[in-house]
$ cat start_6.cif   # mmCIF, C-alpha atoms
data_protein
#
loop_
_atom_site.label_atom_id
_atom_site.label_comp_id
_atom_site.auth_asym_id
_atom_site.auth_seq_id
_atom_site.Cartn_x
_atom_site.Cartn_y
_atom_site.Cartn_z
CA MET K 1 -29.92 70.47 5.89
CA LYS K 2 -30.49 68.20 8.90
CA ASN K 3 -33.04 66.18 6.94
CA LEU K 4 -30.57 65.78 4.08
CA LEU K 5 -27.80 64.56 6.40
CA PHE K 6 -30.19 62.10 8.07
CA SER K 7 -31.26 60.73 4.67
CA LEU K 8 -27.62 60.22 3.58
CA LEU K 9 -26.73 58.41 6.82
CA LEU K 10 -29.79 56.16 6.50
CA ALA K 11 -28.89 55.25 2.89
CA ALA K 12 -25.30 54.46 3.82
CA THR K 13 -26.47 52.17 6.63
CA VAL K 14 -28.81 50.23 4.35
CA LEU K 15 -26.21 49.84 1.58
CA SER K 16 -23.57 48.57 3.97
CA ALA K 17 -25.79 45.93 5.57
CA PRO K 18 -25.27 43.18 2.95
CA VAL K 19 -21.50 43.66 3.10
CA GLN K 20 -21.45 43.21 6.87
CA ALA K 21 -23.64 40.13 6.59
CA ALA K 22 -21.25 38.60 4.05
CA LYS K 23 -18.38 39.04 6.49
CA ASP K 24 -20.33 37.34 9.26
CA PRO K 25 -18.81 33.84 9.84
CA ALA K 26 -22.29 32.39 10.21
CA THR K 27 -23.11 33.24 6.59
CA ARG K 28 -19.93 31.85 4.98
CA LYS K 29 -20.10 28.72 2.84
CA PRO K 30 -18.89 25.66 4.72
CA VAL K 31 -15.35 24.54 3.84
CA THR K 32 -15.10 20.87 2.92
CA ALA K 33 -12.20 19.19 4.70
CA SER K 34 -9.70 17.45 2.43
CA ALA K 35 -9.62 13.69 2.52
CA ALA K 36 -7.33 12.18 5.11
CA VAL K 37 -4.15 10.39 4.10
CA GLU K 38 -3.82 6.88 5.46
CA THR K 39 -0.59 4.91 5.62
CA TYR K 40 -0.82 1.30 4.44
CA LYS K 41 1.88 -1.22 5.33
CA VAL K 42 3.47 -3.23 2.53
CA GLN K 43 3.04 -6.99 2.88
CA PRO K 44 6.37 -8.52 1.70
CA GLN K 45 4.99 -12.06 1.88
CA LEU K 46 2.24 -11.12 -0.59
CA SER K 47 4.43 -8.98 -2.86
CA SER K 48 7.00 -9.87 -5.49
CA LEU K 49 9.84 -8.34 -7.50
CA GLY K 50 11.22 -9.99 -10.63
CA TRP K 51 14.24 -8.91 -12.67
CA THR K 52 15.33 -9.66 -16.23
CA GLY K 53 18.73 -8.79 -17.64
CA LYS K 54 19.77 -9.32 -21.25
CA LYS K 55 23.14 -9.95 -22.86
CA ILE K 56 24.43 -10.87 -26.30
CA GLY K 57 23.04 -14.29 -27.05
CA GLY K 58 20.61 -14.61 -24.16
CA GLN K 59 19.20 -13.35 -20.91
CA HIS K 60 18.77 -14.24 -17.25
CA ALA K 61 15.91 -13.69 -14.82
CA GLY K 62 15.34 -13.90 -11.11
CA THR K 63 13.77 -12.41 -8.03
CA ILE K 64 14.47 -9.93 -5.22
CA ASN K 65 12.55 -9.80 -1.95
CA LEU K 66 10.80 -6.70 -0.69
CA LYS K 67 12.05 -5.97 2.80
CA GLU K 68 9.50 -3.37 3.90
CA GLY K 69 7.54 -0.37 2.78
CA THR K 70 4.55 1.92 3.15
CA VAL K 71 1.90 3.27 0.79
CA GLN K 72 0.07 6.57 1.27
CA VAL K 73 -3.60 6.42 0.34
CA LYS K 74 -5.98 9.37 0.03
CA GLY K 75 -9.58 8.35 -0.45
CA SER K 76 -9.39 5.60 -3.05
CA GLN K 77 -6.13 6.80 -4.61
CA ILE K 78 -2.50 5.90 -4.03
CA VAL K 79 -0.63 9.19 -3.60
CA GLY K 80 2.78 8.14 -2.28
CA GLY K 81 4.93 5.36 -0.97
CA THR K 82 8.35 4.12 0.07
CA PHE K 83 9.67 0.66 -0.77
CA VAL K 84 12.84 -1.08 0.38
CA ALA K 85 14.22 -4.09 -1.52
CA ASP K 86 16.55 -6.61 0.10
CA MET K 87 19.40 -6.85 -2.41
CA THR K 88 21.05 -9.67 -0.46
CA SER K 89 18.06 -11.85 -1.41
CA LEU K 90 18.81 -11.60 -5.14
CA LYS K 91 18.29 -14.96 -6.87
CA ASN K 92 18.42 -16.43 -10.36
CA THR K 93 15.47 -18.57 -11.46
CA ASP K 94 16.34 -19.74 -14.98
CA LEU K 95 19.51 -21.78 -14.40
CA THR K 96 19.29 -25.42 -13.39
CA ASP K 97 23.05 -25.91 -13.07
CA ALA K 98 23.68 -25.17 -9.39
CA ASP K 99 27.32 -24.19 -9.86
CA TYR K 100 26.60 -21.85 -12.76
CA ASN K 101 23.67 -20.39 -10.82
CA ALA K 102 25.81 -19.70 -7.77
CA LYS K 103 28.54 -18.17 -9.94
CA LEU K 104 26.08 -15.83 -11.67
CA VAL K 105 24.40 -14.73 -8.44
CA GLY K 106 27.77 -14.19 -6.77
CA HIS K 107 28.86 -12.00 -9.68
CA LEU K 108 25.63 -9.96 -9.57
CA LYS K 109 26.13 -9.39 -5.85
CA SER K 110 29.76 -8.33 -6.32
CA ASP K 111 31.04 -4.79 -6.83
CA ASP K 112 31.00 -5.42 -10.60
CA PHE K 113 27.22 -5.14 -10.36
CA PHE K 114 25.19 -4.29 -7.22
CA GLY K 115 27.81 -4.48 -4.46
CA VAL K 116 25.32 -5.84 -1.95
CA GLU K 117 27.83 -6.19 0.90
CA LYS K 118 28.14 -2.41 1.06
CA ASN K 119 24.68 -1.68 -0.33
CA PRO K 120 22.30 -4.32 1.08
CA THR K 121 19.14 -2.44 0.15
CA ALA K 122 17.67 -0.46 -2.74
CA THR K 123 14.92 2.11 -2.21
CA PHE K 124 12.17 3.66 -4.29
CA VAL K 125 10.22 6.71 -3.07
CA ILE K 126 7.11 7.82 -4.97
CA THR K 127 6.90 11.54 -5.75
CA SER K 128 3.77 11.51 -7.92
CA VAL K 129 1.02 9.25 -9.26
CA LYS K 130 -0.81 10.55 -12.34
CA PRO K 131 -3.77 9.05 -14.21
CA LEU K 132 -2.96 7.18 -17.42
CA LYS K 133 -5.56 6.39 -20.08
CA GLY K 134 -5.50 4.19 -23.14
CA ASP K 135 -2.60 1.97 -22.11
CA ALA K 136 -2.55 -1.25 -24.14
CA ASN K 137 -1.45 -3.28 -21.11
CA GLY K 138 -4.25 -2.03 -18.87
CA ASN K 139 -2.08 0.30 -16.79
CA ASN K 140 -4.04 3.19 -15.30
CA ALA K 141 -1.33 5.36 -13.75
CA THR K 142 2.15 6.76 -14.32
CA ILE K 143 4.26 6.46 -11.19
CA THR K 144 7.24 8.77 -10.75
CA GLY K 145 9.76 8.62 -7.96
CA ASN K 146 13.40 8.45 -6.91
CA LEU K 147 15.22 5.13 -7.15
CA SER K 148 18.37 4.56 -5.08
CA ILE K 149 20.74 1.72 -5.98
CA LYS K 150 24.35 1.31 -4.91
CA GLY K 151 24.45 4.75 -3.33
CA LYS K 152 23.15 6.55 -6.44
CA THR K 153 19.70 8.17 -6.71
CA ASN K 154 17.93 9.01 -9.97
CA PRO K 155 14.35 9.84 -11.00
CA LEU K 156 12.34 7.02 -12.56
CA SER K 157 8.89 6.90 -14.19
CA PHE K 158 6.90 3.90 -15.38
CA PRO K 159 3.31 2.84 -16.11
CA ALA K 160 1.46 0.71 -13.57
CA LYS K 161 -1.90 -0.69 -12.66
CA VAL K 162 -2.89 0.66 -9.26
CA GLY K 163 -5.99 0.41 -7.09
CA VAL K 164 -7.37 0.58 -3.57
CA LYS K 165 -10.27 -1.53 -2.34
CA ASN K 166 -11.50 -2.75 1.04
CA GLY K 167 -8.40 -1.63 2.91
CA VAL K 168 -5.96 -3.14 0.39
CA ALA K 169 -3.74 -1.13 -1.97
CA ALA K 170 -2.14 -2.85 -4.96
CA ALA K 171 0.31 -1.83 -7.67
CA SER K 172 1.73 -3.92 -10.49
CA GLY K 173 3.75 -3.28 -13.63
CA THR K 174 7.22 -3.27 -15.14
CA ALA K 175 9.92 -0.61 -14.90
CA SER K 176 12.91 -0.29 -17.22
CA ILE K 177 16.09 0.76 -15.40
CA ASP K 178 19.35 2.02 -16.89
CA ARG K 179 21.91 0.38 -14.60
CA THR K 180 24.76 2.67 -15.72
CA LYS K 181 23.08 5.56 -13.89
CA TYR K 182 23.69 3.64 -10.66
CA ASN K 183 27.36 2.90 -11.17
CA VAL K 184 26.58 -0.65 -12.37
CA THR K 185 28.80 -0.61 -15.44
CA PHE K 186 30.22 -4.11 -15.91
CA GLY K 187 29.77 -5.32 -19.49
CA SER K 188 28.52 -1.96 -20.75
CA THR K 189 29.67 -0.84 -24.19
CA LEU K 190 29.57 2.71 -22.81
CA PHE K 191 32.52 1.77 -20.66
CA GLY K 192 34.63 -0.06 -23.20
CA THR K 193 33.16 -3.56 -23.40
CA ALA K 194 33.31 -5.16 -26.83
CA ALA K 195 29.91 -5.43 -28.49
CA ASP K 196 30.07 -9.23 -28.70
CA LYS K 197 30.53 -9.48 -24.93
CA ALA K 198 28.12 -6.75 -23.91
CA VAL K 199 25.46 -6.88 -21.21
CA ASP K 200 22.44 -4.68 -21.92
CA ASP K 201 22.54 -1.40 -20.00
CA VAL K 202 18.80 -1.61 -19.33
CA PHE K 203 17.23 -4.28 -17.14
CA THR K 204 13.56 -4.65 -16.28
CA LEU K 205 11.99 -4.97 -12.87
CA SER K 206 8.48 -6.38 -12.71
CA PHE K 207 6.55 -5.84 -9.50
CA ASN K 208 3.36 -6.77 -7.74
CA VAL K 209 3.06 -4.92 -4.44
CA ILE K 210 0.32 -5.40 -1.87
CA ALA K 211 -0.21 -3.11 1.13
CA LYS K 212 -2.86 -3.17 3.84
CA GLY K 213 -4.33 -0.31 5.86
CA ASN K 214 -4.60 -0.17 9.62
CA GLY K 215 -7.27 2.50 9.89
CA VAL K 216 -4.84 5.22 11.02
CA ALA K 217 -5.23 8.43 9.03
CA THR K 218 -3.62 11.87 9.14
CA ARG K 219 -4.69 15.18 7.65
#
$ encode --input "start_6.cif" --output "structure tokens"
Amino acid sequence: MKNLLFSLLLAATVLSAPVQAAKDPATRKPVTASAAVETYKVQPQLSSLGWTGKKIGGQHAGTINLKEGTVQVKGSQIVGGTFVADMTSLKNTDLTDADYNAKLVGHLKSDDFFGVEKNPTATFVITSVKPLKGDANGNNATITGNLSIKGKTNPLSFPAKVGVKNGVAAASGTASIDRTKYNVTFGSTLFGTAADKAVDDVFTLSFNVIAKGNGVATR
């Protein structure tokens, strides 16, 4: 009986040895640390925003300055960002008549449109950047985020060409924005404007944003 008990104990010890070794921290597979996220600073002087608005019988175009912003970069990928546009800088670039130009810009800055006195900035915050393949315009990503204009915030997605190289992050493309979602309703047929006097509800915003890294990364 003693020999039998001894044999059983010896077998149990041998069988349990590999299990104990697997639990030993020294034998675990090394865990690869995730890539650090680095914050790049937007360079307003190297970036541009261009707008185009259409109406019955024509259209107008112009620019808005970027005030500031940051881009989050992980490895060689853009993963986030926040961008602030200076709405007080809104300009028209297709009118040569100075008086007509000033009248149009003044109207766009008024409460009929963007109400820049009370809302001097507009903000876009990226919530996701997903790969995009086969785009005819060469865009390689779909950017999704929250756009805030005139005190209203709505989700917005658009295709873009993005990249990171040698400490510089870049993004360019065109976004289509439904202004009525931001309480910009002047001239909209949805709010009673006659069709022959209508201003298109959708305007486009083209962008070319450049940001530079400073070597500071966080996990």
$ closest_residue --input "start_6.cif" --among "K:Lys54, K:Phe83, K:Leu46, K:Asn65" --to "Ser188 in chain K" --atoms "all atoms listed in the file"
K:Lys54
$ closest_residue --input "start_6.cif" --among "K:Phe207, K:Phe124, K:Phe113, K:Tyr40" --to "Ala160 in chain K" --atoms "only C-alpha atoms"
K:Phe207
$ residues_around --input "start_6.cif" --residues "Thr142 in chain K" --least-positions-apart "5" --cutoff "7 Å" --atoms "only C-alpha atoms" --output "number ranges by chain"
K: 129-132, 157-160
$ resolve_selection --input "start_6.cif" --expression "the PyMOL selection byres ((chain K and resi 146) around 6)" --output "number ranges by chain"
K: 124-125, 145, 147, 154-156
$ residues_around --input "start_6.cif" --residues "Ala169 in chain K" --least-positions-apart "6" --cutoff "7 Å" --atoms "all atoms listed in the file" --output "list in words"
Gly163, Ile210, Ala211 and Lys212 of chain K
$ resolve_selection --input "start_6.cif" --expression "the PyMOL selection byres ((chain K and resi 198) around 9)" --output "JSON, numbers by chain"
{"K": [55, 56, 186, 187, 188, 189, 193, 194, 195, 196, 197, 199, 200, 201]}
$ axis_aligned_box --input "start_6.cif" --around "range 51-58 of chain K" --padding-each-side "3 Å" --output "JSON"
{"center_x": 19.3, "center_y": -11.7, "center_z": -19.9, "size_x": 16.2, "size_y": 11.8, "size_z": 20.4}
